[in-house]
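Raw my_file-v2.cif, mmCIF, C-alpha atoms:
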```cif
data_entry
loop_
_atom_site.label_atom_id
_atom_site.label_comp_id
_atom_site.auth_asym_id
_atom_site.auth_seq_id
_atom_site.Cartn_x
_atom_site.Cartn_y
_atom_site.Cartn_z
CA MET Y 1 77.74 88.98 92.67
CA ILE Y 2 78.41 87.45 89.24
CA GLN Y 3 81.12 90.04 88.61
CA ARG Y 4 82.68 89.29 92.01
CA VAL Y 5 82.73 85.56 91.32
CA LEU Y 6 84.28 86.03 87.89
CA THR Y 7 86.98 88.31 89.31
CA ALA Y 8 87.72 85.86 92.11
CA SER Y 9 87.97 82.98 89.63
CA VAL Y 10 90.86 84.81 87.98
CA GLY Y 11 92.54 86.34 91.01
CA LEU Y 12 92.42 83.40 93.42
CA PRO Y 13 94.46 80.98 91.26
CA VAL Y 14 97.16 83.64 90.85
CA LEU Y 15 97.26 84.27 94.61
CA LEU Y 16 97.29 80.58 95.51
CA ALA Y 17 100.03 79.83 92.99
CA ALA Y 18 102.18 82.64 94.39
CA VAL Y 19 101.68 81.37 97.95
CA TRP Y 20 102.49 77.82 96.88
CA TRP Y 21 105.71 78.74 95.10
CA GLY Y 22 106.69 81.46 97.57
CA GLY Y 23 110.00 83.27 97.13
CA ALA Y 24 110.22 86.02 94.55
CA TRP Y 25 106.82 85.13 93.04
CA LEU Y 26 104.99 85.91 96.26
CA ALA Y 27 107.18 88.90 97.11
CA VAL Y 28 106.53 90.57 93.75
CA LEU Y 29 102.78 89.96 93.98
CA VAL Y 30 102.59 91.33 97.52
CA ALA Y 31 104.78 94.31 96.59
CA LEU Y 32 102.48 95.12 93.67
CA ALA Y 33 99.44 94.94 95.96
CA ALA Y 34 101.22 97.17 98.49
CA VAL Y 35 102.04 99.82 95.87
CA LEU Y 36 98.45 99.91 94.68
CA GLY Y 37 97.27 99.90 98.27
CA ILE Y 38 99.42 102.83 99.40
CA ARG Y 39 98.19 104.85 96.42
CA GLU Y 40 94.60 104.29 97.48
CA PHE Y 41 95.38 104.84 101.16
CA TYR Y 42 96.95 108.24 100.53
CA ARG Y 43 93.96 109.23 98.41
CA LEU Y 44 91.77 108.70 101.48
CA LEU Y 45 93.26 111.85 103.02
CA PRO Y 46 90.20 114.11 103.47
CA ALA Y 47 89.60 116.80 100.88
CA GLY Y 48 91.29 120.10 101.62
CA ALA Y 49 94.15 118.51 103.53
CA GLY Y 50 96.41 118.33 100.47
CA SER Y 51 98.08 115.40 98.72
CA LEU Y 52 100.71 112.92 99.84
CA PRO Y 53 103.80 111.61 97.97
CA VAL Y 54 102.73 108.28 96.46
CA ILE Y 55 106.22 107.55 95.08
CA LEU Y 56 107.80 107.92 98.50
CA GLY Y 57 105.11 105.74 100.03
CA ALA Y 58 105.53 103.13 97.31
CA LEU Y 59 109.29 102.90 97.84
CA TRP Y 60 108.72 102.60 101.57
CA VAL Y 61 106.20 99.75 101.39
CA VAL Y 62 108.23 97.86 98.77
CA ALA Y 63 111.27 98.05 101.05
CA LEU Y 64 109.19 96.66 103.92
CA ILE Y 65 107.85 93.82 101.76
CA PHE Y 66 111.27 92.72 100.56
CA GLY Y 67 112.60 93.19 104.08
CA GLY Y 68 110.02 90.66 105.21
CA GLN Y 69 111.13 88.35 102.42
CA ALA Y 70 114.77 88.65 103.48
CA SER Y 71 114.11 88.02 107.18
CA ASP Y 72 114.88 84.75 108.91
CA GLY Y 73 112.64 84.29 111.90
CA LEU Y 74 110.69 86.62 114.18
CA ASP Y 75 113.66 88.52 115.64
CA SER Y 76 115.17 89.10 112.21
CA PHE Y 77 111.82 90.24 110.79
CA LEU Y 78 111.21 92.74 113.59
CA THR Y 79 114.77 94.09 113.41
CA ILE Y 80 114.72 94.61 109.65
CA SER Y 81 111.23 96.11 109.77
CA ALA Y 82 112.19 98.48 112.59
CA VAL Y 83 115.15 99.82 110.60
CA ILE Y 84 113.06 100.33 107.43
CA LEU Y 85 110.21 101.89 109.42
CA GLY Y 86 112.66 104.27 111.08
CA VAL Y 87 114.27 105.36 107.83
CA GLY Y 88 110.90 105.66 106.09
CA SER Y 89 109.43 107.70 108.95
CA PHE Y 90 112.40 110.06 108.92
CA LEU Y 91 112.20 110.64 105.16
CA SER Y 92 108.43 111.06 105.31
CA LEU Y 93 108.60 113.65 108.07
CA LEU Y 94 111.42 115.40 106.24
CA TRP Y 95 109.20 115.63 103.16
CA LEU Y 96 106.35 116.90 105.31
CA VAL Y 97 108.48 119.70 106.72
CA ALA Y 98 110.17 120.63 103.44
CA ALA Y 99 107.48 120.13 100.80
CA TYR Y 100 103.99 119.76 102.26
CA GLN Y 101 101.76 122.67 101.26
CA GLY Y 102 98.30 121.47 102.27
CA GLY Y 103 96.28 122.15 105.37
CA ARG Y 104 95.99 120.08 108.57
CA PRO Y 105 99.63 118.90 108.77
CA LEU Y 106 99.03 116.65 111.79
CA LEU Y 107 96.32 114.74 109.92
CA ALA Y 108 98.58 114.52 106.87
CA ALA Y 109 101.40 113.16 109.03
CA ALA Y 110 99.08 110.51 110.49
CA TYR Y 111 98.08 109.30 107.02
CA LEU Y 112 101.62 109.58 105.69
CA LEU Y 113 103.13 107.43 108.44
CA GLY Y 114 100.06 105.24 108.88
CA GLY Y 115 100.22 104.15 105.26
CA GLY Y 116 103.71 102.72 105.68
CA VAL Y 117 102.70 100.82 108.79
CA CYS Y 118 99.24 99.62 107.73
CA ILE Y 119 100.13 98.70 104.17
CA GLY Y 120 103.86 97.93 104.19
CA PHE Y 121 104.67 96.57 107.65
CA LEU Y 122 101.45 94.62 108.23
CA LEU Y 123 101.42 93.14 104.74
CA ALA Y 124 105.08 92.11 105.08
CA HIS Y 125 103.96 89.64 107.74
CA GLY Y 126 102.65 87.50 104.89
CA LEU Y 127 106.21 86.93 103.65
CA ALA Y 128 107.42 86.22 107.18
CA LEU Y 129 104.55 83.77 107.75
CA ARG Y 130 105.31 81.99 104.45
CA ASP Y 131 108.85 81.26 105.68
CA LEU Y 132 107.77 80.18 109.17
CA GLY Y 133 109.47 77.13 110.68
CA ASP Y 134 112.20 74.81 109.54
CA ALA Y 135 109.91 72.68 107.42
CA GLY Y 136 109.27 74.26 104.05
CA SER Y 137 105.57 73.41 104.03
CA LEU Y 138 104.66 74.71 107.50
CA GLY Y 139 104.72 78.40 106.65
CA ARG Y 140 103.08 77.82 103.29
CA ASP Y 141 100.25 75.89 104.92
CA TRP Y 142 99.67 78.50 107.61
CA LEU Y 143 99.60 81.33 105.09
CA LEU Y 144 97.01 79.41 103.08
CA VAL Y 145 95.02 78.82 106.27
CA ALA Y 146 95.20 82.50 107.24
CA LEU Y 147 93.96 83.61 103.83
CA LEU Y 148 91.19 81.04 103.83
CA ALA Y 149 90.08 82.21 107.28
CA VAL Y 150 89.77 85.77 105.96
CA PHE Y 151 87.79 84.67 102.91
CA ALA Y 152 85.57 82.44 105.05
CA SER Y 153 84.95 85.26 107.51
CA ASP Y 154 84.00 87.73 104.77
CA THR Y 155 81.79 85.25 102.92
CA GLY Y 156 80.16 83.86 106.06
CA ALA Y 157 79.40 87.33 107.40
CA PHE Y 158 77.89 88.41 104.08
CA PHE Y 159 75.53 85.47 103.61
CA THR Y 160 74.61 85.10 107.27
CA GLY Y 161 73.90 88.82 107.49
CA ARG Y 162 71.74 88.68 104.37
CA ALA Y 163 69.75 85.72 105.70
CA LEU Y 164 69.52 86.42 109.43
CA GLY Y 165 70.81 89.95 110.04
CA ARG Y 166 68.53 92.01 112.29
CA HIS Y 167 70.72 93.94 114.71
CA SER Y 168 73.16 96.52 113.33
CA LEU Y 169 76.77 96.08 114.38
CA ALA Y 170 78.15 99.57 113.70
CA PRO Y 171 75.43 101.76 112.17
CA ASN Y 172 77.56 104.90 112.14
CA ILE Y 173 80.41 103.17 110.32
CA SER Y 174 78.92 100.44 108.13
CA PRO Y 175 75.11 100.25 108.32
CA GLY Y 176 74.92 96.99 106.38
CA LYS Y 177 76.87 94.95 108.95
CA THR Y 178 74.96 93.08 111.64
CA TRP Y 179 75.78 91.16 114.81
CA GLU Y 180 74.29 88.05 113.24
CA GLY Y 181 76.53 88.42 110.21
CA SER Y 182 79.53 88.98 112.43
CA ALA Y 183 78.80 85.80 114.37
CA GLY Y 184 78.37 83.86 111.13
CA GLY Y 185 81.67 85.18 109.81
CA LEU Y 186 83.46 84.28 113.04
CA GLY Y 187 82.04 80.76 112.99
CA CYS Y 188 83.07 80.26 109.36
CA ALA Y 189 86.62 81.46 110.12
CA VAL Y 190 86.97 78.94 112.96
CA LEU Y 191 85.44 76.15 110.90
CA SER Y 192 87.73 76.86 107.94
CA VAL Y 193 90.85 76.53 110.11
CA LEU Y 194 89.60 73.31 111.71
CA VAL Y 195 88.83 71.79 108.32
CA MET Y 196 92.25 72.76 106.97
CA GLY Y 197 93.77 71.29 110.12
CA GLN Y 198 92.36 67.92 109.06
CA LEU Y 199 93.83 68.24 105.58
CA LEU Y 200 97.22 69.73 106.42
CA GLU Y 201 99.83 69.12 109.09
CA LEU Y 202 99.60 72.41 110.99
CA GLY Y 203 101.47 71.22 114.07
CA LEU Y 204 98.88 72.47 116.59
CA PRO Y 205 96.16 70.71 118.63
CA VAL Y 206 92.55 71.33 117.67
CA TRP Y 207 91.84 73.85 120.44
CA GLN Y 208 94.77 76.02 119.36
CA GLN Y 209 93.63 75.84 115.75
CA ALA Y 210 90.21 77.06 116.92
CA VAL Y 211 91.82 79.97 118.80
CA VAL Y 212 93.77 80.95 115.68
CA GLY Y 213 90.60 80.79 113.60
CA ALA Y 214 88.65 82.93 116.08
CA ALA Y 215 91.45 85.49 116.34
CA ALA Y 216 91.75 85.67 112.55
CA GLY Y 217 87.98 86.13 112.24
CA VAL Y 218 87.89 88.95 114.78
CA ALA Y 219 90.92 90.61 113.19
CA ALA Y 220 89.39 90.37 109.69
CA GLN Y 221 86.18 92.07 110.78
CA SER Y 222 88.09 94.72 112.74
CA GLY Y 223 90.17 95.58 109.69
CA ASP Y 224 87.05 95.82 107.56
CA LEU Y 225 85.42 98.21 110.05
CA LEU Y 226 88.55 100.33 110.31
CA GLU Y 227 88.68 100.79 106.54
CA SER Y 228 84.96 101.58 106.50
CA LYS Y 229 85.62 104.31 109.07
CA LEU Y 230 88.40 105.80 106.94
CA LYS Y 231 86.15 105.77 103.87
CA ARG Y 232 83.39 107.47 105.82
CA ILE Y 233 85.84 110.16 106.99
CA SER Y 234 86.91 110.68 103.37
CA SER Y 235 83.32 110.47 102.05
CA VAL Y 236 84.04 107.73 99.52
CA LYS Y 237 82.20 104.46 98.89
CA ASP Y 238 85.16 102.44 97.59
CA THR Y 239 88.88 103.12 97.75
CA GLY Y 240 89.13 102.54 94.01
CA SER Y 241 87.76 100.53 91.08
CA ILE Y 242 90.75 98.45 90.01
CA ILE Y 243 89.08 95.12 90.93
CA PRO Y 244 85.76 94.66 89.09
CA GLY Y 245 82.93 93.96 91.52
CA HIS Y 246 85.15 94.46 94.57
CA GLY Y 247 86.26 98.10 94.38
CA GLY Y 248 89.85 99.03 95.15
CA ILE Y 249 92.76 96.91 96.33
CA MET Y 250 92.30 98.31 99.84
CA ASP Y 251 88.76 96.96 99.87
CA ARG Y 252 90.33 93.49 99.58
CA LEU Y 253 93.36 94.08 101.79
CA ASP Y 254 91.53 95.63 104.75
CA SER Y 255 90.89 92.28 106.44
CA ILE Y 256 94.11 90.61 105.31
CA VAL Y 257 96.53 93.23 106.67
CA VAL Y 258 95.17 92.69 110.20
CA SER Y 259 94.53 88.94 110.10
CA ILE Y 260 97.90 87.83 108.70
CA PRO Y 261 99.96 89.45 111.51
CA THR Y 262 97.49 88.03 114.06
CA VAL Y 263 98.05 84.51 112.76
CA TYR Y 264 101.80 85.06 112.46
CA TYR Y 265 102.29 86.08 116.08
CA LEU Y 266 99.91 83.47 117.46
CA VAL Y 267 101.53 80.64 115.52
CA GLY Y 268 105.13 81.90 115.49
CA ALA Y 269 105.44 83.38 118.98
CA VAL Y 270 102.67 81.98 121.19
CA PHE Y 271 101.84 78.41 120.16
CA LYS Y 272 105.04 77.60 118.23
CA PRO Y 273 104.22 74.36 116.34
#
```

Rewrite the coordinates I just gave you, this time as structure tokens.
Amino acid sequence: MIQRVLTASVGLPVLLAAVWWGGAWLAVLVALAAVLGIREFYRLLPAGAGSLPVILGALWVVALIFGGQASDGLDSFLTISAVILGVGSFLSLLWLVAAYQGGRPLLAAAYLLGGGVCIGFLLAHGLALRDLGDAGSLGRDWLLVALLAVFASDTGAFFTGRALGRHSLAPNISPGKTWEGSAGGLGCAVLSVLVMGQLLELGLPVWQQAVVGAAAGVAAQSGDLLESKLKRISSVKDTGSIIPGHGGIMDRLDSIVVSIPTVYYLVGAVFKP
């Protein structure tokens, strides 16, 4: 726990500064996280299935990240992303046909294409959310809120589970998670959004803020369980060791890559502040 807190005390100011300034600062930070993330994701391919082209994956996710930075609104973001996803998928499948020498090609194709979508496309929503709305502060504030909801969900689930956890949530995937912890994490996610709604001008009524918080909390926990399932398939405990006390970059991104798009579409397409 001490190591986690020390790591967070260094990493959080960097992340918050990048979100606050936005632009190239945030794009470069997210692109770096995406490159590290795709490397770890491709290493989750089960043993015996072969190896995947990290350089190709890195170029693909970086293109998606900067495509998100270059977009101007939801339609623009989806159009740019669709083009990059199409080109990346074509090149990836071409590599698979021409150069792949491992076993289980269908599984390799799923990981190869899934990495671009899960790491590149989903993470690019953070850049699109940062530029949401005509007012310069609206997107910044909602990205901060989305990140806080993820952190609140993770922290609330951990401490509530430790204190009150009795009933296992998904014993075959992550034995340490409980229904009590999940409820605590969900409540903390909602509360964090409501508190931020009192401090910032989010442009939504309280009930819609609560819906966004609940959706972000559910998405965060779903992403965490999905990554736990992939790690169990690959028989690894952590995706890496690059972040002291936290494991790999994917161990930190698993909740974010699902929650950020959830907040983006709810705020940008459904509620529209």

inquiry  = Need to verify the contact set: segment 84-95 of chain Y, 8 Å, only C-alpha atoms, exclusion of same-chain residues closer than 2 positions in sequence. Can you return it as a PyMOL selection string?
reply    = chain Y and resi 56+60+63-64+67+80-82+97-100+109+112-113+116-117+121

message = the PyMOL selection byres ((chain Y and resi 143-160) around 7) - which residues does that actually catch in the file I just gave you? List them as a VMD selection string.
response = chain Y and resid 126 129 to 130 139 to 142 161 to 165 180 to 182 184 to 186 188 to 189 192 to 193 196 213 216 to 217 220 255 to 256 260 263

query = Skipping near chain neighbours, those fewer than 2 positions away, what residues fall within 8 Å of Leu44 of chain Y using only C-alpha atoms, listed as a list in words?
reply =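 So the residues in contact are Glu40, Phe41, Tyr42, Pro46, Leu230, Lys231, Ser234 and Thr239 of chain Y.
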
Can those selected residues be exported to a file as a compact mmCIF listing (two decimals), in the frame of the given file so that it contains C-alpha atoms?
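After the write, again_15.txt holds the following:
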```txt
# COMPACT_ATOMS: atom_id res chain seq x y z
CA GLU Y 40 94.60 104.29 97.48
CA PHE Y 41 95.38 104.84 101.16
CA TYR Y 42 96.95 108.24 100.53
CA PRO Y 46 90.20 114.11 103.47
CA LEU Y 230 88.40 105.80 106.94
CA LYS Y 231 86.15 105.77 103.87
CA SER Y 234 86.91 110.68 103.37
CA THR Y 239 88.88 103.12 97.75
```

ask   = atom CA of Ala128 of chain Y to atom CA of Gly114 of chain Y: how many Å, to one decimal?
value =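 Atom CA of Gly114 of chain Y lies 20.5 Å from atom CA of Ala128 of chain Y.
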
request  = Calculate how many Å separate atom CA of Gly197 of chain Y from atom CA of Leu266 of chain Y, rounding to one decimal.
outcome  =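 Result for atom CA of Gly197 of chain Y versus atom CA of Leu266 of chain Y: 15.5 Å, one decimal.
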
message = For a quick check of your reading of the model, name the residues lying within 12 Å of the coordinate (107.6, 80.7, 104.1), counting all atoms listed in the file, and write them as number ranges by chain.
response = Y: 18-27, 68-73, 124-144, 264, 268

Please dump the current selection as a PDB file, in the frame of the given file; keep C-alpha atoms.
```
ATOM      1  CA  ALA Y  18     102.180  82.640  94.390  1.00  0.00           C
ATOM      2  CA  VAL Y  19     101.680  81.370  97.950  1.00  0.00           C
ATOM      3  CA  TRP Y  20     102.490  77.820  96.880  1.00  0.00           C
ATOM      4  CA  TRP Y  21     105.710  78.740  95.100  1.00  0.00           C
ATOM      5  CA  GLY Y  22     106.690  81.460  97.570  1.00  0.00           C
ATOM      6  CA  GLY Y  23     110.000  83.270  97.130  1.00  0.00           C
ATOM      7  CA  ALA Y  24     110.220  86.020  94.550  1.00  0.00           C
ATOM      8  CA  TRP Y  25     106.820  85.130  93.040  1.00  0.00           C
ATOM      9  CA  LEU Y  26     104.990  85.910  96.260  1.00  0.00           C
ATOM     10  CA  ALA Y  27     107.180  88.900  97.110  1.00  0.00           C
ATOM     11  CA  GLY Y  68     110.020  90.660 105.210  1.00  0.00           C
ATOM     12  CA  GLN Y  69     111.130  88.350 102.420  1.00  0.00           C
ATOM     13  CA  ALA Y  70     114.770  88.650 103.480  1.00  0.00           C
ATOM     14  CA  SER Y  71     114.110  88.020 107.180  1.00  0.00           C
ATOM     15  CA  ASP Y  72     114.880  84.750 108.910  1.00  0.00           C
ATOM     16  CA  GLY Y  73     112.640  84.290 111.900  1.00  0.00           C
ATOM     17  CA  ALA Y 124     105.080  92.110 105.080  1.00  0.00           C
ATOM     18  CA  HIS Y 125     103.960  89.640 107.740  1.00  0.00           C
ATOM     19  CA  GLY Y 126     102.650  87.500 104.890  1.00  0.00           C
ATOM     20  CA  LEU Y 127     106.210  86.930 103.650  1.00  0.00           C
ATOM     21  CA  ALA Y 128     107.420  86.220 107.180  1.00  0.00           C
ATOM     22  CA  LEU Y 129     104.550  83.770 107.750  1.00  0.00           C
ATOM     23  CA  ARG Y 130     105.310  81.990 104.450  1.00  0.00           C
ATOM     24  CA  ASP Y 131     108.850  81.260 105.680  1.00  0.00           C
ATOM     25  CA  LEU Y 132     107.770  80.180 109.170  1.00  0.00           C
ATOM     26  CA  GLY Y 133     109.470  77.130 110.680  1.00  0.00           C
ATOM     27  CA  ASP Y 134     112.200  74.810 109.540  1.00  0.00           C
ATOM     28  CA  ALA Y 135     109.910  72.680 107.420  1.00  0.00           C
ATOM     29  CA  GLY Y 136     109.270  74.260 104.050  1.00  0.00           C
ATOM     30  CA  SER Y 137     105.570  73.410 104.030  1.00  0.00           C
ATOM     31  CA  LEU Y 138     104.660  74.710 107.500  1.00  0.00           C
ATOM     32  CA  GLY Y 139     104.720  78.400 106.650  1.00  0.00           C
ATOM     33  CA  ARG Y 140     103.080  77.820 103.290  1.00  0.00           C
ATOM     34  CA  ASP Y 141     100.250  75.890 104.920  1.00  0.00           C
ATOM     35  CA  TRP Y 142      99.670  78.500 107.610  1.00  0.00           C
ATOM     36  CA  LEU Y 143      99.600  81.330 105.090  1.00  0.00           C
ATOM     37  CA  LEU Y 144      97.010  79.410 103.080  1.00  0.00           C
ATOM     38  CA  TYR Y 264     101.800  85.060 112.460  1.00  0.00           C
ATOM     39  CA  GLY Y 268     105.130  81.900 115.490  1.00  0.00           C
TER      40      GLY Y 268
END
```

key: Picked residues, the PyMOL selection byres ((chain Y and resi 253) around 12), expected as a VMD selection string   = chain Y and resid 30 33 to 38 40 to 41 118 to 120 122 to 123 126 147 150 to 151 154 220 to 221 223 to 224 226 to 227 239 243 246 to 252 254 to 260

inquiry  = Would you compute the distance between atom CA of Gly48 of chain Y and atom CA of Ser235 of chain Y? Give it in Å to one decimal.
reply    = 12.5 Å

query = Taking all atoms listed in the file into account, which of Y:Ala47, Y:Val195, Y:Val190, Y:Ala31 comes nearest Ala215 of chain Y?
reply = Y:Val190

inquiry  = With the PyMOL selection byres ((chain Y and resi 205-208) around 10) as the selection, what would be picked from this file? Answer as a PyMOL selection string, please.
reply    = chain Y and resi 193-194+197-198+202-204+209-214+266-267+271+273

Option closest in space to Trp179 of chain Y, from Y:His167, Y:Leu16, Y:Leu29, Y:Leu200 [counting only C-alpha atoms] =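 Residue with the minimum atom-to-atom distance to Trp179 of chain Y: Y:His167.
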